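Novice: Below you'll find data.txt; it's compact mmCIF, C-alpha atoms.
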```
# COMPACT_ATOMS: atom_id res chain seq x y z
CA MET U 419 -17.04 -40.44 -28.69
CA LYS U 420 -19.44 -42.79 -26.97
CA LYS U 421 -16.56 -44.41 -25.12
CA LEU U 422 -15.31 -41.03 -23.89
CA TYR U 423 -18.78 -40.16 -22.63
CA SER U 424 -19.05 -43.44 -20.73
CA ILE U 425 -15.65 -42.80 -19.09
CA PHE U 426 -16.81 -39.32 -18.17
CA LYS U 427 -20.09 -40.60 -16.73
CA GLN U 428 -18.32 -43.25 -14.66
CA GLY U 429 -16.69 -40.68 -12.38
CA ILE U 430 -19.82 -38.66 -11.78
CA ILE U 431 -21.97 -41.40 -10.22
CA PHE U 432 -20.97 -45.05 -10.50
CA ASP U 433 -17.31 -44.68 -9.57
CA ASN U 434 -17.78 -41.44 -7.71
CA PRO U 435 -14.47 -40.97 -5.87
CA LEU U 436 -16.09 -39.82 -2.62
CA LEU U 437 -19.29 -41.81 -2.38
CA MET U 438 -18.33 -45.09 -4.00
CA LEU U 439 -14.56 -45.42 -3.95
CA MET U 440 -14.29 -43.68 -0.55
CA ILE U 441 -11.02 -41.95 -1.34
CA GLY U 442 -10.00 -38.35 -0.79
CA LEU U 443 -12.40 -37.97 2.11
CA CYS U 444 -10.39 -35.66 4.34
CA SER U 445 -10.80 -32.47 2.37
CA ALA U 446 -14.37 -33.33 1.44
CA ILE U 447 -15.72 -33.15 4.97
CA ALA U 448 -13.38 -30.46 6.22
CA VAL U 449 -14.03 -27.68 3.73
CA THR U 450 -17.76 -28.17 3.31
CA THR U 451 -18.94 -25.77 6.00
CA ASN U 452 -20.08 -23.41 3.24
CA VAL U 453 -20.82 -23.63 -0.45
CA SER U 454 -18.16 -21.23 -1.72
CA ASN U 455 -15.45 -23.28 0.01
CA GLY U 456 -16.87 -26.40 -1.63
CA ILE U 457 -16.77 -24.82 -5.10
CA GLY U 458 -13.24 -23.49 -4.56
CA MET U 459 -11.90 -26.82 -3.35
CA GLY U 460 -13.67 -28.70 -6.15
CA LEU U 461 -12.19 -26.46 -8.83
CA ALA U 462 -8.69 -26.56 -7.32
CA MET U 463 -8.84 -30.32 -7.19
CA THR U 464 -10.16 -30.65 -10.76
CA PHE U 465 -7.39 -28.39 -12.04
CA VAL U 466 -4.63 -30.42 -10.38
CA LEU U 467 -6.22 -33.71 -11.44
CA LEU U 468 -6.68 -32.65 -15.06
CA PHE U 469 -3.19 -31.28 -15.62
CA SER U 470 -1.37 -34.04 -13.73
CA GLU U 471 -3.25 -36.66 -15.72
CA ILE U 472 -2.49 -34.88 -19.02
CA ILE U 473 1.24 -34.60 -18.27
CA ILE U 474 1.55 -38.19 -17.06
CA SER U 475 -0.43 -39.50 -20.03
CA LEU U 476 1.76 -37.61 -22.51
CA PHE U 477 4.95 -38.91 -20.92
CA ARG U 478 3.65 -42.38 -20.06
CA LYS U 479 5.96 -44.16 -22.49
CA LEU U 480 9.05 -42.31 -21.27
CA ILE U 481 8.54 -42.84 -17.52
CA PRO U 482 10.44 -45.91 -16.28
CA SER U 483 8.04 -47.98 -14.23
CA MET U 484 10.58 -48.49 -11.41
CA ILE U 485 10.58 -44.82 -10.42
CA ARG U 486 7.09 -43.86 -11.56
CA ILE U 487 5.71 -43.07 -8.10
CA PRO U 488 8.29 -40.35 -7.26
CA ILE U 489 7.77 -38.86 -10.72
CA PHE U 490 4.00 -38.78 -10.21
CA ILE U 491 4.46 -37.10 -6.86
CA ILE U 492 6.69 -34.39 -8.29
CA VAL U 493 4.25 -33.62 -11.12
CA ILE U 494 1.30 -33.48 -8.72
CA ALA U 495 3.23 -31.35 -6.23
CA ALA U 496 4.17 -28.88 -8.96
CA PHE U 497 0.53 -28.30 -9.94
CA THR U 498 -0.56 -28.14 -6.30
CA THR U 499 2.04 -25.44 -5.67
CA MET U 500 0.63 -23.45 -8.60
CA VAL U 501 -2.92 -23.69 -7.26
CA ASP U 502 -1.74 -22.74 -3.77
CA LEU U 503 0.14 -19.66 -4.99
CA VAL U 504 -2.68 -18.53 -7.29
CA MET U 505 -5.25 -18.93 -4.49
CA LYS U 506 -3.08 -16.97 -2.07
CA ALA U 507 -2.61 -14.18 -4.62
CA TYR U 508 -6.14 -13.78 -6.02
CA PHE U 509 -8.49 -15.32 -3.44
CA PRO U 510 -6.82 -14.63 -0.07
CA ASP U 511 -10.05 -15.08 1.93
CA LEU U 512 -10.88 -18.43 0.35
CA SER U 513 -7.30 -19.59 0.78
CA LYS U 514 -7.31 -18.60 4.45
CA SER U 515 -10.58 -20.37 5.21
CA MET U 516 -9.36 -23.61 3.60
CA GLY U 517 -5.97 -23.35 5.26
CA VAL U 518 -3.84 -26.44 5.12
CA PHE U 519 -6.22 -28.32 2.81
CA ILE U 520 -4.98 -26.69 -0.40
CA PRO U 521 -1.36 -27.88 0.01
CA LEU U 522 -2.77 -31.25 1.07
CA ILE U 523 -4.23 -31.80 -2.42
CA VAL U 524 -0.79 -33.25 -3.12
CA VAL U 525 -1.47 -36.34 -0.99
CA ASN U 526 -5.10 -36.66 -2.02
CA CYS U 527 -5.61 -40.31 -2.91
CA ILE U 528 -7.98 -39.45 -5.78
CA ILE U 529 -5.21 -37.87 -7.83
CA MET U 530 -2.57 -40.49 -7.06
CA GLY U 531 -5.09 -43.26 -7.67
CA ARG U 532 -6.29 -41.94 -11.01
CA VAL U 533 -2.79 -41.15 -12.22
CA GLU U 534 -1.54 -44.62 -11.29
CA ALA U 535 -4.56 -46.62 -12.41
CA PHE U 536 -5.67 -44.64 -15.44
CA ALA U 537 -3.41 -41.89 -16.79
CA SER U 538 -0.29 -44.04 -16.91
CA LYS U 539 -2.00 -46.43 -19.35
CA GLN U 540 -4.45 -44.45 -21.49
CA ASN U 541 -4.29 -41.94 -24.34
CA LEU U 542 -4.86 -38.23 -24.02
CA ALA U 543 -8.55 -38.03 -24.96
CA SER U 544 -9.79 -40.66 -22.52
CA VAL U 545 -7.56 -39.21 -19.81
CA ILE U 546 -9.14 -35.79 -20.20
CA ALA U 547 -12.62 -37.37 -20.07
CA ASP U 548 -11.66 -39.29 -16.94
CA ALA U 549 -10.15 -36.27 -15.17
CA LEU U 550 -13.17 -34.09 -15.93
CA GLY U 551 -15.58 -36.82 -14.83
CA MET U 552 -13.76 -37.53 -11.58
CA GLY U 553 -13.25 -33.81 -10.90
CA LEU U 554 -16.91 -33.02 -11.49
CA GLY U 555 -17.95 -36.05 -9.45
CA TYR U 556 -15.85 -34.74 -6.58
CA THR U 557 -17.11 -31.18 -7.00
CA TRP U 558 -20.83 -31.96 -7.08
CA VAL U 559 -20.62 -34.06 -3.94
CA LEU U 560 -18.72 -31.26 -2.16
CA ILE U 561 -21.31 -28.70 -3.22
CA ALA U 562 -24.21 -30.96 -2.21
CA ILE U 563 -22.76 -31.67 1.25
CA ALA U 564 -21.87 -28.01 1.71
CA ALA U 565 -25.37 -26.91 0.68
CA VAL U 566 -27.04 -29.16 3.27
CA ARG U 567 -24.64 -28.12 6.01
CA GLU U 568 -24.72 -24.42 5.28
CA LEU U 569 -28.48 -24.23 4.82
CA LEU U 570 -29.30 -26.06 8.05
CA GLY U 571 -26.40 -24.78 10.11
CA ASN U 572 -26.36 -21.16 9.08
CA GLY U 573 -29.51 -20.53 7.05
CA THR U 574 -27.52 -19.28 4.06
CA LEU U 575 -26.27 -20.57 0.70
CA ALA U 576 -22.89 -19.24 -0.48
CA GLY U 577 -23.32 -16.39 2.01
CA ILE U 578 -26.81 -15.36 0.82
CA GLN U 579 -29.63 -15.57 3.38
CA ILE U 580 -32.14 -18.21 2.24
CA MET U 581 -34.06 -19.23 5.34
CA PRO U 582 -36.54 -16.73 6.84
CA ALA U 583 -35.11 -14.48 9.53
CA SER U 584 -37.03 -16.33 12.25
CA TYR U 585 -35.10 -19.55 11.43
CA GLN U 586 -32.95 -20.69 14.32
CA PRO U 587 -29.77 -22.20 12.80
CA ILE U 588 -28.93 -25.74 13.92
CA LEU U 589 -25.30 -25.15 14.84
CA PHE U 590 -24.60 -28.89 14.90
CA PHE U 591 -24.35 -29.07 11.10
CA ILE U 592 -21.54 -26.50 10.87
CA LEU U 593 -19.54 -28.18 13.66
CA PRO U 594 -17.26 -31.14 12.86
CA PRO U 595 -19.67 -33.92 14.01
CA GLY U 596 -22.32 -32.54 11.64
CA GLY U 597 -19.94 -33.09 8.74
CA PHE U 598 -19.61 -36.77 9.57
CA PHE U 599 -23.38 -37.05 10.09
CA VAL U 600 -24.32 -35.52 6.72
CA PHE U 601 -21.62 -37.47 4.91
CA SER U 602 -22.83 -40.73 6.43
CA LEU U 603 -26.36 -40.09 5.13
CA PHE U 604 -25.00 -39.22 1.68
CA ILE U 605 -23.15 -42.54 1.37
CA SER U 606 -26.22 -44.36 2.59
CA LEU U 607 -28.35 -42.64 -0.08
CA ASN U 608 -25.84 -43.41 -2.80
CA ILE U 609 -25.70 -47.09 -1.87
CA TRP U 610 -29.50 -47.22 -1.99
CA PHE U 611 -29.51 -45.50 -5.39
CA LYS U 612 -26.90 -47.89 -6.78
CA LYS U 613 -28.82 -50.95 -5.53
CA ARG U 614 -32.00 -49.64 -7.16
CA MET U 615 -30.23 -49.05 -10.46
CA GLU U 616 -28.81 -52.58 -10.38
CA ALA U 617 -32.19 -54.06 -9.54
CA SER U 618 -33.90 -52.25 -12.40
CA ALA U 619 -31.13 -53.34 -14.79
CA ARG U 620 -31.71 -56.96 -13.69
CA ASN U 621 -35.46 -56.55 -14.17
CA ARG U 622 -34.98 -55.24 -17.68
CA GLU U 623 -32.79 -58.23 -18.50
CA LEU U 624 -35.44 -60.62 -17.20
CA VAL U 625 -38.17 -58.94 -19.23
CA ALA U 626 -36.00 -59.03 -22.33
CA LYS U 627 -35.33 -62.73 -21.79
CA LYS U 628 -39.05 -63.48 -21.33
CA GLU U 629 -39.92 -61.59 -24.49
CA ALA U 630 -37.25 -63.46 -26.41
CA ALA U 631 -38.63 -66.74 -25.15
CA MET E 500 6.64 -25.74 30.14
CA MET E 501 3.00 -24.63 30.53
CA GLU E 502 3.10 -23.45 26.93
CA LEU E 503 4.23 -26.87 25.70
CA GLY E 504 1.56 -28.67 27.74
CA LYS E 505 -1.06 -26.40 26.26
CA ILE E 506 0.08 -27.07 22.68
CA PHE E 507 0.15 -30.79 23.40
CA LEU E 508 -3.33 -30.97 24.93
CA LEU E 509 -4.90 -28.74 22.28
CA ALA E 510 -3.51 -31.01 19.57
CA LEU E 511 -4.45 -34.20 21.41
CA LEU E 512 -8.03 -33.49 22.47
CA THR E 513 -9.56 -30.14 21.53
CA ASN E 514 -8.37 -30.13 17.93
CA ASN E 515 -8.10 -33.88 17.53
CA ILE E 516 -6.69 -34.43 14.07
CA VAL E 517 -9.16 -37.08 12.96
CA ILE E 518 -12.36 -36.28 14.78
CA MET E 519 -12.26 -32.50 14.81
CA ARG E 520 -10.15 -31.78 11.73
CA PHE E 521 -10.98 -34.67 9.36
CA LEU E 522 -7.40 -35.50 8.40
CA ALA E 523 -6.10 -39.02 7.84
CA LEU E 524 -9.63 -40.31 7.32
CA CYS E 525 -8.57 -42.90 4.75
CA SER E 526 -6.50 -44.88 7.22
CA TYR E 527 -9.01 -44.13 9.98
CA ILE E 528 -11.70 -45.98 8.03
CA GLY E 529 -9.40 -48.53 6.41
CA MET E 530 -7.19 -49.65 9.28
CA THR E 531 -9.56 -49.94 12.21
CA SER E 532 -11.09 -53.35 11.64
CA ASP E 533 -9.26 -54.65 14.69
CA VAL E 534 -7.76 -53.04 17.78
CA GLY E 535 -4.27 -54.53 17.47
CA GLN E 536 -3.86 -53.31 13.92
CA SER E 537 -5.04 -49.82 14.79
CA ILE E 538 -2.57 -49.58 17.68
CA GLY E 539 0.26 -50.68 15.37
CA MET E 540 -0.69 -48.07 12.79
CA GLY E 541 -1.06 -45.40 15.48
CA PHE E 542 2.44 -45.94 16.85
CA ALA E 543 3.98 -46.12 13.38
CA VAL E 544 2.38 -42.77 12.54
CA THR E 545 3.57 -41.26 15.83
CA PHE E 546 7.12 -42.37 15.13
CA VAL E 547 7.19 -41.03 11.58
CA THR E 548 5.44 -37.76 12.42
CA VAL E 549 7.97 -36.86 15.08
CA LEU E 550 10.85 -37.81 12.78
CA ALA E 551 9.34 -35.87 9.89
CA THR E 552 8.95 -32.79 12.08
CA ALA E 553 12.53 -33.09 13.27
CA ALA E 554 13.67 -33.28 9.65
CA THR E 555 11.47 -30.72 7.91
CA TRP E 556 11.64 -27.90 10.50
CA PRO E 557 15.43 -27.40 10.17
CA ILE E 558 15.24 -27.82 6.39
CA TYR E 559 12.67 -25.05 6.14
CA HIS E 560 14.35 -22.61 8.50
CA TYR E 561 17.99 -23.24 7.65
CA ILE E 562 17.85 -24.09 3.94
CA LEU E 563 14.66 -22.84 2.28
CA VAL E 564 14.35 -19.49 4.09
CA PRO E 565 17.99 -18.31 3.56
CA LEU E 566 17.84 -19.37 -0.11
CA ASN E 567 14.44 -17.71 -0.61
CA LEU E 568 12.93 -20.96 -1.87
CA THR E 569 9.91 -21.15 0.44
CA PHE E 570 7.57 -21.64 -2.54
CA LEU E 571 9.09 -25.10 -2.99
CA GLN E 572 7.83 -26.10 0.46
CA ILE E 573 5.16 -28.56 -0.74
CA LEU E 574 7.51 -30.33 -3.13
CA ILE E 575 10.45 -30.54 -0.75
CA PHE E 576 8.41 -31.68 2.26
CA ILE E 577 6.72 -34.53 0.47
CA LEU E 578 9.99 -35.75 -0.99
CA VAL E 579 11.71 -35.52 2.37
CA ILE E 580 8.94 -37.47 4.07
CA ALA E 581 8.81 -40.13 1.34
CA SER E 582 12.55 -40.73 1.43
CA LEU E 583 12.60 -40.60 5.22
CA VAL E 584 10.01 -43.37 5.39
CA GLN E 585 12.10 -45.44 3.00
CA LEU E 586 15.24 -44.93 5.07
CA VAL E 587 13.45 -45.83 8.28
CA GLU E 588 12.15 -48.95 6.61
CA PHE E 589 15.65 -50.04 5.49
CA TYR E 590 17.13 -49.27 8.90
CA LEU E 591 14.46 -51.17 10.82
CA LYS E 592 14.63 -54.14 8.47
CA LYS E 593 18.38 -54.46 8.97
CA ASN E 594 18.89 -53.54 12.62
CA VAL E 595 15.62 -53.96 14.52
CA PRO E 596 13.80 -56.85 12.82
CA GLY E 597 11.40 -57.25 15.77
CA LEU E 598 10.11 -53.71 15.43
CA TYR E 599 10.11 -54.02 11.65
CA SER E 600 7.80 -57.00 11.67
CA ALA E 601 5.44 -55.13 13.99
CA MET E 602 5.49 -51.84 12.11
CA GLY E 603 6.87 -52.67 8.65
CA ILE E 604 3.62 -53.24 6.80
CA TYR E 605 2.27 -49.85 7.87
CA LEU E 606 5.28 -47.82 6.79
CA PRO E 607 4.60 -47.61 3.02
CA LEU E 608 1.03 -46.53 3.74
CA ILE E 609 2.27 -43.69 5.89
CA THR E 610 3.97 -41.81 3.08
CA THR E 611 0.66 -40.53 1.80
CA ASN E 612 -0.94 -40.07 5.21
CA CYS E 613 -2.14 -36.49 5.09
CA ALA E 614 -1.84 -36.04 8.87
CA ILE E 615 1.94 -36.12 8.72
CA LEU E 616 2.25 -33.64 5.89
CA ALA E 617 -0.33 -31.39 7.56
CA VAL E 618 1.63 -31.35 10.82
CA THR E 619 4.84 -30.35 9.06
CA PHE E 620 3.04 -27.52 7.19
CA GLU E 621 1.36 -26.29 10.33
CA ASN E 622 4.55 -26.20 12.34
CA ILE E 623 5.72 -23.63 9.81
CA SER E 624 2.49 -21.66 9.44
CA PHE E 625 1.85 -21.51 13.22
CA LYS E 626 5.43 -20.17 13.61
CA TYR E 627 6.36 -22.72 16.30
CA ASN E 628 9.98 -23.02 17.41
CA PHE E 629 11.67 -26.41 17.27
CA ILE E 630 10.65 -27.66 20.74
CA GLN E 631 7.06 -26.49 20.28
CA SER E 632 6.94 -28.22 16.89
CA ILE E 633 7.97 -31.50 18.48
CA ALA E 634 5.36 -31.11 21.23
CA TYR E 635 2.71 -30.34 18.62
CA SER E 636 3.61 -33.34 16.48
CA VAL E 637 3.57 -35.71 19.47
CA GLY E 638 0.16 -34.35 20.51
CA VAL E 639 -1.34 -34.67 17.05
CA SER E 640 -0.09 -38.17 16.45
CA LEU E 641 -1.16 -39.45 19.86
CA GLY E 642 -4.56 -37.89 19.10
CA TYR E 643 -4.60 -39.96 15.93
CA LEU E 644 -3.76 -43.10 17.92
CA LEU E 645 -6.57 -42.28 20.36
CA ALA E 646 -9.13 -41.86 17.58
CA MET E 647 -8.02 -45.08 15.88
CA VAL E 648 -8.32 -47.13 19.05
CA LEU E 649 -11.72 -45.61 19.89
CA LEU E 650 -13.20 -46.48 16.50
CA ALA E 651 -11.60 -49.94 16.43
CA GLY E 652 -13.16 -50.69 19.84
CA ILE E 653 -16.56 -49.52 18.67
CA ARG E 654 -16.27 -51.60 15.49
CA GLU E 655 -15.57 -54.74 17.49
CA ARG E 656 -18.78 -54.18 19.43
CA MET E 657 -20.65 -53.34 16.26
CA LYS E 658 -20.02 -56.80 14.81
CA THR E 659 -22.50 -58.31 17.22
CA SER E 660 -25.04 -55.51 17.46
CA PRO E 661 -28.04 -54.78 15.23
CA VAL E 662 -27.19 -51.92 12.89
CA PRO E 663 -30.12 -50.18 11.15
CA LYS E 664 -30.35 -51.51 7.60
CA PHE E 665 -29.83 -48.21 5.81
CA LEU E 666 -26.63 -47.55 7.77
CA GLN E 667 -24.98 -50.93 7.28
CA GLY E 668 -21.41 -50.88 5.99
CA THR E 669 -19.52 -47.60 5.83
CA PRO E 670 -22.30 -45.16 6.75
CA ILE E 671 -22.43 -46.45 10.33
CA LEU E 672 -18.72 -45.77 10.75
CA PHE E 673 -19.22 -42.11 9.94
CA MET E 674 -22.29 -42.01 12.17
CA ALA E 675 -20.24 -43.44 15.04
CA THR E 676 -17.55 -40.86 14.36
CA ALA E 677 -20.15 -38.11 14.49
CA LEU E 678 -21.16 -39.36 17.95
CA ILE E 679 -17.52 -39.53 19.12
CA GLY E 680 -17.21 -36.01 17.73
CA ILE E 681 -20.07 -34.76 19.91
CA ALA E 682 -18.29 -36.21 22.94
CA PHE E 683 -15.05 -34.53 21.90
CA MET E 684 -16.81 -31.17 21.64
CA GLY E 685 -16.89 -31.33 25.42
CA PHE E 686 -13.14 -30.81 25.51
CA SER E 687 -13.42 -27.46 23.79
CA GLY E 688 -13.67 -25.50 27.03
CA LEU E 689 -10.78 -27.38 28.61
CA ILE E 690 -7.99 -25.03 27.62
CA LYS E 691 -8.28 -21.27 27.50
```
Represent the structure of the file as structure tokens.

Specialist:
Amino acid sequence: MKKLYSIFKQGIIFDNPLLMLMIGLCSAIAVTTNVSNGIGMGLAMTFVLLFSEIIISLFRKLIPSMIRIPIFIIVIAAFTTMVDLVMKAYFPDLSKSMGVFIPLIVVNCIIMGRVEAFASKQNLASVIADALGMGLGYTWVLIAIAAVRELLGNGTLAGIQIMPASYQPILFFILPPGGFFVFSLFISLNIWFKKRMEASARNRELVAKKEAA
Amino acid sequence: MMELGKIFLLALLTNNIVIMRFLALCSYIGMTSDVGQSIGMGFAVTFVTVLATAATWPIYHYILVPLNLTFLQILIFILVIASLVQLVEFYLKKNVPGLYSAMGIYLPLITTNCAILAVTFENISFKYNFIQSIAYSVGVSLGYLLAMVLLAGIRERMKTSPVPKFLQGTPILFMATALIGIAFMGFSGLIK
């Protein structure tokens, strides 16, 4: 149980796919002009990741390693098609505003990377923990970026007016350059946070050593 | 002719695939550590994008639409592109070894380049005819080349310049892209 939790935690901060591993960036910056897009994209991505990892993990002993990549692609593409069709049927507005990025989940490096590096080797329970951790790690970063951009660029959060009416929106944050700008600061913050964590871990070790001596 | 020029310029500058639409960011960050490499990657992508468009457009309109299988679009397109890249690789290796050694190492990376898949999807969803699709794909992929070369040039300068401490490493690359993006916003009034 403890092992599963540590796998789950890994994806959320330390191996966060967007901030630390720097994969799957395209969709992350593109859809984060408002919070509801961020949530939609995060959930779609988590769904595809979870089910692809489960299928691959269940069949991992049957898949010949020579042709594993095409098999992975077909599994991922099947789930992406499902998400695309469901979105088009039940959330037409969301689907329209995200446009080509839903079908592009199929080439998102996060899914291919996790399937290749993790799901093809591990058992079902740890795979589910990994998929949920990575999916949530992806989703929270999307929501955080989207919240900053939408609040500053439009004065709203998920379409609800937050800033006072006299607030003059800074259009820059909604436009493409603003996405790069906010994302750059997010990575910078995460690197700082990671360094601090490492430093405090080192300090604790030193103290423990001193006490032992 | 005017129509084609408009599609081309919109794809190249106003809606630049990397800077304005955030596609293909992985290779944009990963492959721009020197100018030569980024040019190689840019041309390889251009080549494959145009080929992929020429292959997927007829498949969609002459096979998937008559058979009512358009929901298989994602699956079919990615398989077609993956196998196309493989075929190109074999062909170049055997017949044009000079070009292969220049472009070969980039080809496997291209299969999962989202720009190419995006272009083939958009040719369908924008309802372009075949010639317009080709013009669009050339515009998009040259736009990609342009963005790659711009960032690679900036990165070469960056090696010798003082970068603020909190932006060192990857953050400065995104910051530079944001600045390039502001410059590219100026193209938005170019085409009406």

Novice: Which residues are close to range 577-582 of chain E, i.e. within 10 Å by all atoms listed in the file, leaving aside same-chain residues fewer than 6 positions away? Reply as a list in words.

Specialist: Pro488, Ile491, Ile492, Ala495, Val524 and Val525 of chain U; Val547, Thr548, Leu550, Ala551, Thr552, Ala554, Thr555, Ile558, Glu588, Pro607, Ile609, Thr610, Thr611, Ile615, Leu616 and Thr619 of chain E

Novice: Kindly give the distance, in Å, that separates CA of Val584 in chain E and CA of Gly652 in chain E, rounded to a single decimal.

Specialist: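 One can read the CA of Val584 in chain E to CA of Gly652 in chain E distance as 28.3 Å.
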
Novice: Please compute the CA of Ser532 in chain E-CA of Ile518 in chain E distance, one decimal, in Å.

Specialist: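 One can read the CA of Ser532 in chain E to CA of Ile518 in chain E distance as 17.4 Å.
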
Novice: Would you list which chain E residues are within 7 Å of chain U using only C-alpha atoms, as an NGL selection string?

Specialist: :E and (519-525 or 573-574 or 611 or 613 or 617 or 665-666 or 670-671 or 673-674 or 676-678 or 680-681)

Novice: Give me, please, the distance in Å between CA of Asn594 in chain E and CA of Ser526 in chain E, quoted to one decimal.

Specialist: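 The value is 27.4 Å.
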
Novice: Please identify all polymer residues within 10 Å of Val545 in chain U, counting all atoms listed in the file, omitting same-chain residues fewer than 6 positions from it, and present them as number ranges by chain.

Specialist: U: 422, 425-426, 468-469, 471-472, 474-476, 532-533, 536-539, 551

Novice: Using only C-alpha atoms, which residue out of U:Phe611, U:Leu570, U:Met581, U:Leu550 lies closest to Gln428 in chain U?

Specialist: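 With only C-alpha atoms as the atom set, the closest residue is U:Leu550.
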
Novice: Which residue, E:His560, E:Thr669, E:Lys593, E:Val534, has the smallest gap to Leu437 in chain U when you use only C-alpha atoms?

Specialist: E:Thr669

Novice: Residues near Ile633 in chain E, anyone? I mean within 12 Å using all atoms listed in the file, not counting same-chain ones fewer than 2 positions away, as a PyMOL selection string.

Specialist: chain E and resi 503-504+506-507+510+545-557+618-619+621-623+627-631+635-640

Novice: Could you check which of U:Met419, U:Val466, U:Met438, U:Ala576 is closest to Ala547 in chain U, using only C-alpha atoms?

Specialist: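 Smallest separation from Ala547 in chain U among the options: U:Met419.
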
Novice: Show which residues sit within 9 Å of Met552 in chain U, as a PyMOL selection string. Count all atoms listed in the file, and ignore same-chain residues fewer than 6 positions away.

Specialist: chain U and resi 426-430+433-435+464+467+528+532

Novice: Go through E:Leu644, E:Val517, E:Leu512, E:Met530 and flag the residue nearest Ala614 in chain E, using only C-alpha atoms for the distances.

Specialist: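 With only C-alpha atoms as the atom set, the closest residue is E:Val517.
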
Novice: Would you please work out which residue, of E:Leu509, E:Met657, E:Leu689, E:Ile679, is nearest to Asp533 in chain E when using only C-alpha atoms?

Specialist: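 Among the listed residues, E:Met657 lies closest to Asp533 in chain E.
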
Novice: From the list U:Ile592, U:Leu439, U:Ser454, U:Lys421, which residue is nearest Leu575 in chain U when using all atoms listed in the file?

Specialist: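 Nearest to Leu575 in chain U: U:Ser454.
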
Novice: List every protein, DNA or RNA residue that has an atom no more than 12 Å from (5.3, -50.7, 18.8) in the file's coordinate frame, counting only C-alpha atoms, and report them as a ChimeraX atom specification.

Specialist: /E:535-546,595,597-603,605,644

Novice: Can you tell me, as AutoDock Vina command-line options, the centre and edge lengths (Å, one decimal) of the axis-aligned box enclosing all of range 638-650 of chain E's listed atoms after padding each side by 6 Å?

Specialist:
```
--center_x -6.5 --center_y -40.7 --center_z 18.2 --size_x 25.4 --size_y 24.8 --size_z 16.6
```
